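The next block is final.txt, given as compact mmCIF, C-alpha atoms and all ligand atoms.
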```txt
# COMPACT_ATOMS: atom_id res chain seq x y z
CA MET A 3 110.38 89.03 106.33
CA LYS A 4 107.30 88.50 108.46
CA ARG A 5 104.10 89.00 106.42
CA VAL A 6 100.83 90.03 108.09
CA LEU A 7 97.29 89.87 106.66
CA THR A 8 94.04 91.45 107.82
CA TYR A 9 90.53 91.95 106.36
CA GLY A 10 87.88 94.61 106.53
CA THR A 11 85.62 97.20 104.93
CA PHE A 12 87.39 100.22 106.48
CA ASP A 13 84.56 102.56 105.53
CA LEU A 14 84.45 106.03 106.99
CA LEU A 15 88.05 105.37 107.97
CA HIS A 16 88.62 106.37 111.61
CA TYR A 17 91.27 106.16 114.29
CA GLY A 18 90.01 102.76 115.47
CA HIS A 19 90.91 101.36 112.06
CA ILE A 20 94.26 103.15 112.09
CA ARG A 21 95.10 101.76 115.55
CA LEU A 22 94.27 98.25 114.31
CA LEU A 23 96.51 98.68 111.25
CA GLN A 24 99.31 100.20 113.34
CA ARG A 25 99.30 97.24 115.77
CA ALA A 26 98.93 94.72 112.94
CA LYS A 27 101.99 96.13 111.18
CA ALA A 28 103.94 96.00 114.46
CA LEU A 29 103.51 92.21 114.39
CA GLY A 30 105.65 91.88 111.25
CA ASP A 31 107.41 93.67 108.42
CA TYR A 32 104.84 93.73 105.61
CA LEU A 33 101.08 94.29 106.04
CA ILE A 34 98.53 93.26 103.45
CA VAL A 35 94.94 94.47 103.84
CA ALA A 36 92.23 92.46 102.09
CA LEU A 37 89.60 95.12 101.48
CA SER A 38 85.94 94.14 101.10
CA THR A 39 84.68 95.05 97.62
CA ASP A 40 81.43 96.99 97.20
CA ARG A 41 79.74 93.85 95.85
CA PHE A 42 80.95 91.69 98.76
CA ASN A 43 79.80 94.32 101.25
CA GLU A 44 76.31 94.51 99.78
CA ALA A 45 75.84 90.83 98.91
CA GLU A 46 77.52 89.14 101.88
CA LYS A 47 78.07 91.64 104.68
CA ASN A 48 74.78 93.41 104.31
CA LYS A 49 76.47 96.77 104.54
CA LYS A 50 76.66 99.49 101.95
CA SER A 51 79.90 101.41 102.29
CA TYR A 52 79.76 105.18 101.93
CA PHE A 53 83.04 105.33 99.99
CA SER A 54 83.63 103.14 96.93
CA TYR A 55 86.18 100.33 96.93
CA GLU A 56 88.55 102.46 94.84
CA HIS A 57 88.38 105.37 97.30
CA ARG A 58 88.70 103.09 100.35
CA LYS A 59 91.68 101.38 98.67
CA MET A 60 93.36 104.70 97.89
CA MET A 61 92.95 105.85 101.50
CA LEU A 62 94.36 102.61 102.90
CA GLU A 63 97.32 102.76 100.51
CA ALA A 64 98.10 106.23 101.90
CA ILE A 65 98.52 104.83 105.42
CA ARG A 66 102.18 104.30 106.37
CA TYR A 67 101.43 100.93 108.05
CA VAL A 68 99.82 99.42 104.93
CA ASP A 69 102.09 97.86 102.31
CA GLU A 70 99.55 96.31 99.95
CA VAL A 71 95.77 96.24 99.45
CA ILE A 72 94.03 93.28 97.79
CA PRO A 73 90.29 92.72 97.19
CA GLU A 74 88.15 90.63 99.51
CA THR A 75 85.41 89.20 97.29
CA HIS A 76 84.15 86.28 99.42
CA TRP A 77 84.32 84.91 102.97
CA GLY A 78 86.13 81.72 101.91
CA GLN A 79 89.22 83.25 100.31
CA LYS A 80 91.33 83.52 103.47
CA ALA A 81 93.17 80.18 103.35
CA LYS A 82 94.12 80.73 99.70
CA ASP A 83 95.27 84.27 100.49
CA VAL A 84 97.44 83.02 103.36
CA GLU A 85 99.17 80.61 100.99
CA LYS A 86 99.30 82.85 97.93
CA TYR A 87 100.81 85.78 99.88
CA GLU A 88 102.96 83.56 102.15
CA ILE A 89 101.40 84.98 105.29
CA ASP A 90 102.90 84.38 108.75
CA VAL A 91 100.43 86.30 110.92
CA PHE A 92 96.66 86.60 110.45
CA VAL A 93 95.19 89.53 112.40
CA MET A 94 91.64 90.66 113.13
CA GLY A 95 89.94 92.83 115.73
CA ASP A 96 88.66 90.87 118.71
CA ASP A 97 85.06 91.27 117.63
CA TRP A 98 86.12 88.29 115.50
CA ALA A 99 87.85 86.48 118.38
CA GLY A 100 88.03 82.76 117.70
CA LYS A 101 86.16 82.97 114.39
CA PHE A 102 89.22 82.26 112.23
CA ASP A 103 91.15 79.81 114.45
CA GLY A 104 90.29 77.03 111.97
CA LEU A 105 92.53 78.69 109.40
CA LYS A 106 95.57 77.13 111.08
CA THR A 107 94.56 73.66 109.94
CA GLU A 108 93.37 74.80 106.50
CA VAL A 109 96.77 76.06 105.35
CA ASN A 110 100.06 74.27 104.61
CA ARG A 111 102.22 76.72 106.50
CA PRO A 112 102.71 77.77 110.11
CA LEU A 113 100.20 80.55 110.83
CA GLU A 114 99.94 82.76 113.90
CA ILE A 115 96.41 84.08 114.54
CA VAL A 116 96.12 87.29 116.54
CA TYR A 117 92.95 89.08 117.65
CA LEU A 118 93.64 92.67 118.65
CA SER A 119 91.34 94.63 120.96
CA ARG A 120 88.91 96.91 119.17
CA THR A 121 88.96 100.63 119.98
CA PRO A 122 85.70 100.62 121.95
CA GLU A 123 84.45 104.17 121.72
CA ILE A 124 84.45 104.63 117.95
CA SER A 125 82.56 102.95 115.10
CA THR A 126 81.26 103.85 111.68
CA THR A 127 77.71 103.37 112.97
CA LYS A 128 78.39 105.86 115.78
CA ILE A 129 79.78 108.39 113.32
CA LYS A 130 76.78 108.03 111.00
CA THR A 131 74.32 108.28 113.89
CA GLU A 132 75.93 111.34 115.41
CA LEU A 133 76.28 113.05 112.03
CA LYS A 134 72.80 111.85 111.06
CA LEU A 135 74.23 110.49 107.76
N1 LIG B 1 88.15 97.90 114.32
C1 LIG B 1 88.74 98.28 115.53
N2 LIG B 1 88.16 99.23 116.29
C2 LIG B 1 87.02 99.84 115.87
C3 LIG B 1 86.42 99.47 114.65
C4 LIG B 1 87.01 98.49 113.88
O1 LIG B 1 89.78 97.73 115.93
N3 LIG B 1 86.47 100.82 116.66
C5 LIG B 1 88.79 96.84 113.54
C6 LIG B 1 87.86 95.65 113.33
O2 LIG B 1 87.91 94.78 114.47
C7 LIG B 1 88.46 95.00 112.08
C8 LIG B 1 89.02 96.21 111.32
O3 LIG B 1 89.10 97.31 112.25
O4 LIG B 1 89.53 94.13 112.44
C9 LIG B 1 88.13 96.62 110.15
O5 LIG B 1 86.85 96.88 110.66
P1 LIG B 1 85.59 96.69 109.67
O6 LIG B 1 85.81 97.45 108.44
O7 LIG B 1 84.35 96.90 110.48
O8 LIG B 1 85.76 95.14 109.33
P2 LIG B 1 84.61 94.04 109.25
O9 LIG B 1 83.41 94.59 108.62
O10 LIG B 1 84.54 93.41 110.58
O11 LIG B 1 85.26 93.04 108.14
O12 LIG B 1 86.25 88.80 106.37
C10 LIG B 1 86.40 89.65 107.47
C11 LIG B 1 85.64 90.93 107.28
O13 LIG B 1 85.96 91.54 106.05
C12 LIG B 1 85.91 91.88 108.44
```
What is this structure when it is put down as structure tokens?
Ligand code: C2G
Amino acid sequence: MKRVLTYGTFDLLHYGHIRLLQRAKALGDYLIVALSTDRFNEAEKNKKSYFSYEHRKMMLEAIRYVDEVIPETHWGQKAKDVEKYEIDVFVMGDDWAGKFDGLKTEVNRPLEIVYLSRTPEISTTKIKTELKL
């Protein structure tokens, strides 16, 4: 069973996120999403999510492509996650292209790294701006 892992905040969930998750799942059989916690968002990513971690987690768990949601609490947890969850494919949107290539040498297992194209016309920032949130 091919296990896939991806990371994100997934706040104000939109079809760009769904398309990413759909294509990530298509790369294997089991998709784990490491979801940025509220504290990690505020302390490390300098973004305050509109929905709480619990609500973002519940929404992700309702998506047919997502098999498991785990917390992302710090930038440096990825290598441990790959080993702990026996990951075969690490996936991120291509706004992160190249940023995680080093993971291959940090883990004791073969790891495929895939950057999928972002859905260009949609973003949480755009939604907030247009809704004046
Ligand atoms: N995404 C996308 N198309 C969009 C918006 C987002 O494909 N229009 C993808 C991003 O490339 C990312 C995923 O959806 O792979 C989640 O997006 P964010 O919640 O913005 O994730 P980010 O804040 O980049 O968090 O440690 C890694 C970070 O947690 C990644």
I'd like the box whose edges run along x, y and z of the file and which contains every listed atom of ligand LIG 1 (chain B), padded by 8 Å per side; could you state its centre and edge lengths in Å, one decimal, as AutoDock Vina command-line options?
```
--center_x 86.6 --center_y 94.8 --center_z 111.4 --size_x 22.4 --size_y 28.0 --size_z 26.6
```
- Pick from A:Ala81, A:Leu37, A:Val116, A:Leu29 nearest to ligand LIG 1 (chain B), counting only C-alpha atoms and all ligand atoms: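 The answer is A:Leu37, which sits nearest to ligand LIG 1 (chain B).
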- Of the residues A:Val6, A:Ile65, A:Leu23, A:Ala28, which is the one nearest to ligand LIG 1 (chain B), using all atoms listed in the file?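 For ligand LIG 1 (chain B), the nearest of the candidates is A:Leu23.
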Considering all atoms listed in the file, tabulate each residue of chain A that lies at most 8 Å from ligand LIG 1 (chain B) along with its nearest interatomic pair and the corresponding distance in Å to one decimal; arrange the rows by chain and ascending residue number and present them as JSON lines.
```
{"residue": "A:Thr8", "atom": "CA", "partner": "B:LIG1", "partner_atom": "O4", "distance": 7.0}
{"residue": "A:Tyr9", "atom": "CA", "partner": "B:LIG1", "partner_atom": "O13", "distance": 4.6}
{"residue": "A:Gly10", "atom": "CA", "partner": "B:LIG1", "partner_atom": "O11", "distance": 3.5}
{"residue": "A:Thr11", "atom": "CA", "partner": "B:LIG1", "partner_atom": "O6", "distance": 3.5}
{"residue": "A:Phe12", "atom": "CA", "partner": "B:LIG1", "partner_atom": "O6", "distance": 3.7}
{"residue": "A:Asp13", "atom": "CA", "partner": "B:LIG1", "partner_atom": "O6", "distance": 6.0}
{"residue": "A:His16", "atom": "CA", "partner": "B:LIG1", "partner_atom": "N3", "distance": 7.8}
{"residue": "A:Tyr17", "atom": "CA", "partner": "B:LIG1", "partner_atom": "N3", "distance": 7.6}
{"residue": "A:Gly18", "atom": "CA", "partner": "B:LIG1", "partner_atom": "N2", "distance": 4.1}
{"residue": "A:His19", "atom": "CA", "partner": "B:LIG1", "partner_atom": "O3", "distance": 4.4}
{"residue": "A:Ile20", "atom": "CA", "partner": "B:LIG1", "partner_atom": "O3", "distance": 7.8}
{"residue": "A:Arg21", "atom": "CA", "partner": "B:LIG1", "partner_atom": "O1", "distance": 6.7}
{"residue": "A:Leu22", "atom": "CA", "partner": "B:LIG1", "partner_atom": "O1", "distance": 4.8}
{"residue": "A:Leu23", "atom": "CA", "partner": "B:LIG1", "partner_atom": "O3", "distance": 7.6}
{"residue": "A:Ala36", "atom": "CA", "partner": "B:LIG1", "partner_atom": "O13", "distance": 7.5}
{"residue": "A:Leu37", "atom": "CA", "partner": "B:LIG1", "partner_atom": "O13", "distance": 6.9}
{"residue": "A:Ser38", "atom": "CA", "partner": "B:LIG1", "partner_atom": "O13", "distance": 5.6}
{"residue": "A:Lys47", "atom": "CA", "partner": "B:LIG1", "partner_atom": "O9", "distance": 7.3}
{"residue": "A:Glu74", "atom": "CA", "partner": "B:LIG1", "partner_atom": "O13", "distance": 7.0}
{"residue": "A:His76", "atom": "CA", "partner": "B:LIG1", "partner_atom": "O12", "distance": 7.7}
{"residue": "A:Trp77", "atom": "CA", "partner": "B:LIG1", "partner_atom": "O12", "distance": 5.5}
{"residue": "A:Lys80", "atom": "CA", "partner": "B:LIG1", "partner_atom": "O12", "distance": 7.9}
{"residue": "A:Val93", "atom": "CA", "partner": "B:LIG1", "partner_atom": "O4", "distance": 7.3}
{"residue": "A:Met94", "atom": "CA", "partner": "B:LIG1", "partner_atom": "O4", "distance": 4.1}
{"residue": "A:Gly95", "atom": "CA", "partner": "B:LIG1", "partner_atom": "O2", "distance": 3.1}
{"residue": "A:Asp96", "atom": "CA", "partner": "B:LIG1", "partner_atom": "O2", "distance": 5.8}
{"residue": "A:Asp97", "atom": "CA", "partner": "B:LIG1", "partner_atom": "O2", "distance": 5.5}
{"residue": "A:Trp98", "atom": "CA", "partner": "B:LIG1", "partner_atom": "O2", "distance": 6.8}
{"residue": "A:Leu118", "atom": "CA", "partner": "B:LIG1", "partner_atom": "O1", "distance": 6.9}
{"residue": "A:Ser119", "atom": "CA", "partner": "B:LIG1", "partner_atom": "O1", "distance": 6.1}
{"residue": "A:Arg120", "atom": "CA", "partner": "B:LIG1", "partner_atom": "O1", "distance": 3.5}
{"residue": "A:Thr121", "atom": "CA", "partner": "B:LIG1", "partner_atom": "N2", "distance": 4.0}
{"residue": "A:Pro122", "atom": "CA", "partner": "B:LIG1", "partner_atom": "N3", "distance": 5.3}
{"residue": "A:Glu123", "atom": "CA", "partner": "B:LIG1", "partner_atom": "N3", "distance": 6.4}
{"residue": "A:Ile124", "atom": "CA", "partner": "B:LIG1", "partner_atom": "N3", "distance": 4.5}
{"residue": "A:Ser125", "atom": "CA", "partner": "B:LIG1", "partner_atom": "N3", "distance": 4.7}
{"residue": "A:Thr126", "atom": "CA", "partner": "B:LIG1", "partner_atom": "C3", "distance": 7.4}
```
- Task: Extract, using all atoms listed in the file, all DNA, RNA and protein residues at most 10 Å from A:Glu70, discarding same-chain residues fewer than 5 positions from it, and format them as a PyMOL selection string.
- Result: chain A and resi 7+32-36+59+62-63
- With all atoms listed in the file as the atoms that count, which of A:Tyr117, A:Tyr67, A:Tyr87, A:Phe102 lies nearest to A:Gln24?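 Checking each candidate against A:Gln24, we get A:Tyr67 as the closest.
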- Separation of atom CA of A:Leu14 from atom CA of A:Thr131, in Å and rounded to one decimal: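 Computed distance, atom CA of A:Leu14 to atom CA of A:Thr131, equals 12.5 Å.
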- Item | Nearest to A:Lys4, chosen from A:Pro112, A:Ile72, A:Tyr52, A:Thr107, with all atoms listed in the file counted in the distances | A:Pro112
Would you mind completing stretch 33-44 of chain A so that it carries all heavy atoms, and writing it out as a PDB file, in the frame of the given file?
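The result, stored in selection_28.pdb:
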```
ATOM      1  N   LEU A  33     102.511  94.464 105.726  1.00  0.00           N
ATOM      2  CA  LEU A  33     101.080  94.290 106.040  1.00  0.00           C
ATOM      3  C   LEU A  33     100.232  94.361 104.778  1.00  0.00           C
ATOM      4  O   LEU A  33     100.304  95.360 104.043  1.00  0.00           O
ATOM      5  CB  LEU A  33     100.626  95.380 107.027  1.00  0.00           C
ATOM      6  CG  LEU A  33      99.119  95.416 107.326  1.00  0.00           C
ATOM      7  CD1 LEU A  33      98.623  94.112 107.961  1.00  0.00           C
ATOM      8  CD2 LEU A  33      98.774  96.605 108.237  1.00  0.00           C
ATOM      9  N   ILE A  34      99.490  93.290 104.558  1.00  0.00           N
ATOM     10  CA  ILE A  34      98.530  93.260 103.450  1.00  0.00           C
ATOM     11  C   ILE A  34      97.121  93.412 104.037  1.00  0.00           C
ATOM     12  O   ILE A  34      96.780  92.731 105.014  1.00  0.00           O
ATOM     13  CB  ILE A  34      98.610  91.925 102.671  1.00  0.00           C
ATOM     14  CG1 ILE A  34     100.008  91.763 102.059  1.00  0.00           C
ATOM     15  CG2 ILE A  34      97.526  91.872 101.586  1.00  0.00           C
ATOM     16  CD1 ILE A  34     100.212  90.445 101.319  1.00  0.00           C
ATOM     17  N   VAL A  35      96.342  94.302 103.437  1.00  0.00           N
ATOM     18  CA  VAL A  35      94.940  94.470 103.840  1.00  0.00           C
ATOM     19  C   VAL A  35      94.062  93.941 102.724  1.00  0.00           C
ATOM     20  O   VAL A  35      94.170  94.389 101.568  1.00  0.00           O
ATOM     21  CB  VAL A  35      94.588  95.944 104.111  1.00  0.00           C
ATOM     22  CG1 VAL A  35      93.102  96.081 104.502  1.00  0.00           C
ATOM     23  CG2 VAL A  35      95.471  96.522 105.225  1.00  0.00           C
ATOM     24  N   ALA A  36      93.217  92.964 103.057  1.00  0.00           N
ATOM     25  CA  ALA A  36      92.230  92.460 102.090  1.00  0.00           C
ATOM     26  C   ALA A  36      90.965  93.277 102.308  1.00  0.00           C
ATOM     27  O   ALA A  36      90.322  93.171 103.362  1.00  0.00           O
ATOM     28  CB  ALA A  36      91.970  90.971 102.317  1.00  0.00           C
ATOM     29  N   LEU A  37      90.670  94.127 101.344  1.00  0.00           N
ATOM     30  CA  LEU A  37      89.600  95.120 101.480  1.00  0.00           C
ATOM     31  C   LEU A  37      88.307  94.624 100.832  1.00  0.00           C
ATOM     32  O   LEU A  37      88.309  94.244  99.647  1.00  0.00           O
ATOM     33  CB  LEU A  37      90.056  96.425 100.806  1.00  0.00           C
ATOM     34  CG  LEU A  37      89.118  97.611 100.863  1.00  0.00           C
ATOM     35  CD1 LEU A  37      88.871  98.038 102.311  1.00  0.00           C
ATOM     36  CD2 LEU A  37      89.704  98.774 100.046  1.00  0.00           C
ATOM     37  N   SER A  38      87.227  94.628 101.618  1.00  0.00           N
ATOM     38  CA  SER A  38      85.940  94.140 101.100  1.00  0.00           C
ATOM     39  C   SER A  38      85.495  94.981  99.909  1.00  0.00           C
ATOM     40  O   SER A  38      85.421  96.197 100.009  1.00  0.00           O
ATOM     41  CB  SER A  38      84.876  94.221 102.198  1.00  0.00           C
ATOM     42  OG  SER A  38      85.321  93.624 103.395  1.00  0.00           O
ATOM     43  N   THR A  39      85.160  94.313  98.810  1.00  0.00           N
ATOM     44  CA  THR A  39      84.680  95.050  97.620  1.00  0.00           C
ATOM     45  C   THR A  39      83.264  95.545  97.885  1.00  0.00           C
ATOM     46  O   THR A  39      82.588  95.086  98.813  1.00  0.00           O
ATOM     47  CB  THR A  39      84.656  94.117  96.386  1.00  0.00           C
ATOM     48  OG1 THR A  39      83.782  93.012  96.679  1.00  0.00           O
ATOM     49  CG2 THR A  39      86.054  93.616  96.047  1.00  0.00           C
ATOM     50  N   ASP A  40      82.794  96.449  97.047  1.00  0.00           N
ATOM     51  CA  ASP A  40      81.430  96.990  97.200  1.00  0.00           C
ATOM     52  C   ASP A  40      80.416  95.848  97.064  1.00  0.00           C
ATOM     53  O   ASP A  40      79.471  95.740  97.853  1.00  0.00           O
ATOM     54  CB  ASP A  40      81.167  98.072  96.148  1.00  0.00           C
ATOM     55  CG  ASP A  40      82.104  99.266  96.324  1.00  0.00           C
ATOM     56  OD1 ASP A  40      82.539  99.511  97.479  1.00  0.00           O
ATOM     57  OD2 ASP A  40      82.438  99.936  95.335  1.00  0.00           O
ATOM     58  N   ARG A  41      80.691  94.961  96.093  1.00  0.00           N
ATOM     59  CA  ARG A  41      79.740  93.850  95.850  1.00  0.00           C
ATOM     60  C   ARG A  41      79.702  92.910  97.053  1.00  0.00           C
ATOM     61  O   ARG A  41      78.647  92.528  97.544  1.00  0.00           O
ATOM     62  CB  ARG A  41      80.172  93.071  94.597  1.00  0.00           C
ATOM     63  CG  ARG A  41      78.997  92.478  93.783  1.00  0.00           C
ATOM     64  CD  ARG A  41      79.451  91.473  92.752  1.00  0.00           C
ATOM     65  NE  ARG A  41      79.587  90.117  93.302  1.00  0.00           N
ATOM     66  CZ  ARG A  41      78.597  89.449  93.852  1.00  0.00           C
ATOM     67  NH1 ARG A  41      77.413  89.996  93.981  1.00  0.00           N
ATOM     68  NH2 ARG A  41      78.785  88.218  94.320  1.00  0.00           N
ATOM     69  N   PHE A  42      80.869  92.591  97.587  1.00  0.00           N
ATOM     70  CA  PHE A  42      80.950  91.690  98.760  1.00  0.00           C
ATOM     71  C   PHE A  42      80.240  92.327  99.946  1.00  0.00           C
ATOM     72  O   PHE A  42      79.462  91.685 100.655  1.00  0.00           O
ATOM     73  CB  PHE A  42      82.415  91.403  99.076  1.00  0.00           C
ATOM     74  CG  PHE A  42      82.634  90.522 100.295  1.00  0.00           C
ATOM     75  CD1 PHE A  42      82.085  89.247 100.367  1.00  0.00           C
ATOM     76  CD2 PHE A  42      83.384  90.975 101.365  1.00  0.00           C
ATOM     77  CE1 PHE A  42      82.265  88.446 101.486  1.00  0.00           C
ATOM     78  CE2 PHE A  42      83.570  90.176 102.498  1.00  0.00           C
ATOM     79  CZ  PHE A  42      83.012  88.907 102.549  1.00  0.00           C
ATOM     80  N   ASN A  43      80.465  93.616 100.141  1.00  0.00           N
ATOM     81  CA  ASN A  43      79.800  94.320 101.250  1.00  0.00           C
ATOM     82  C   ASN A  43      78.282  94.188 101.146  1.00  0.00           C
ATOM     83  O   ASN A  43      77.605  93.844 102.109  1.00  0.00           O
ATOM     84  CB  ASN A  43      80.170  95.806 101.234  1.00  0.00           C
ATOM     85  CG  ASN A  43      81.468  96.064 101.976  1.00  0.00           C
ATOM     86  OD1 ASN A  43      81.790  95.358 102.926  1.00  0.00           O
ATOM     87  ND2 ASN A  43      82.215  97.044 101.534  1.00  0.00           N
ATOM     88  N   GLU A  44      77.775  94.488  99.934  1.00  0.00           N
ATOM     89  CA  GLU A  44      76.310  94.510  99.780  1.00  0.00           C
ATOM     90  C   GLU A  44      75.721  93.105  99.783  1.00  0.00           C
ATOM     91  O   GLU A  44      74.739  92.835 100.447  1.00  0.00           O
ATOM     92  CB  GLU A  44      75.948  95.272  98.492  1.00  0.00           C
ATOM     93  CG  GLU A  44      76.129  96.786  98.667  1.00  0.00           C
ATOM     94  CD  GLU A  44      76.265  97.519  97.350  1.00  0.00           C
ATOM     95  OE1 GLU A  44      75.548  97.146  96.389  1.00  0.00           O
ATOM     96  OE2 GLU A  44      77.093  98.449  97.286  1.00  0.00           O
TER      97      GLU A  44
END
```
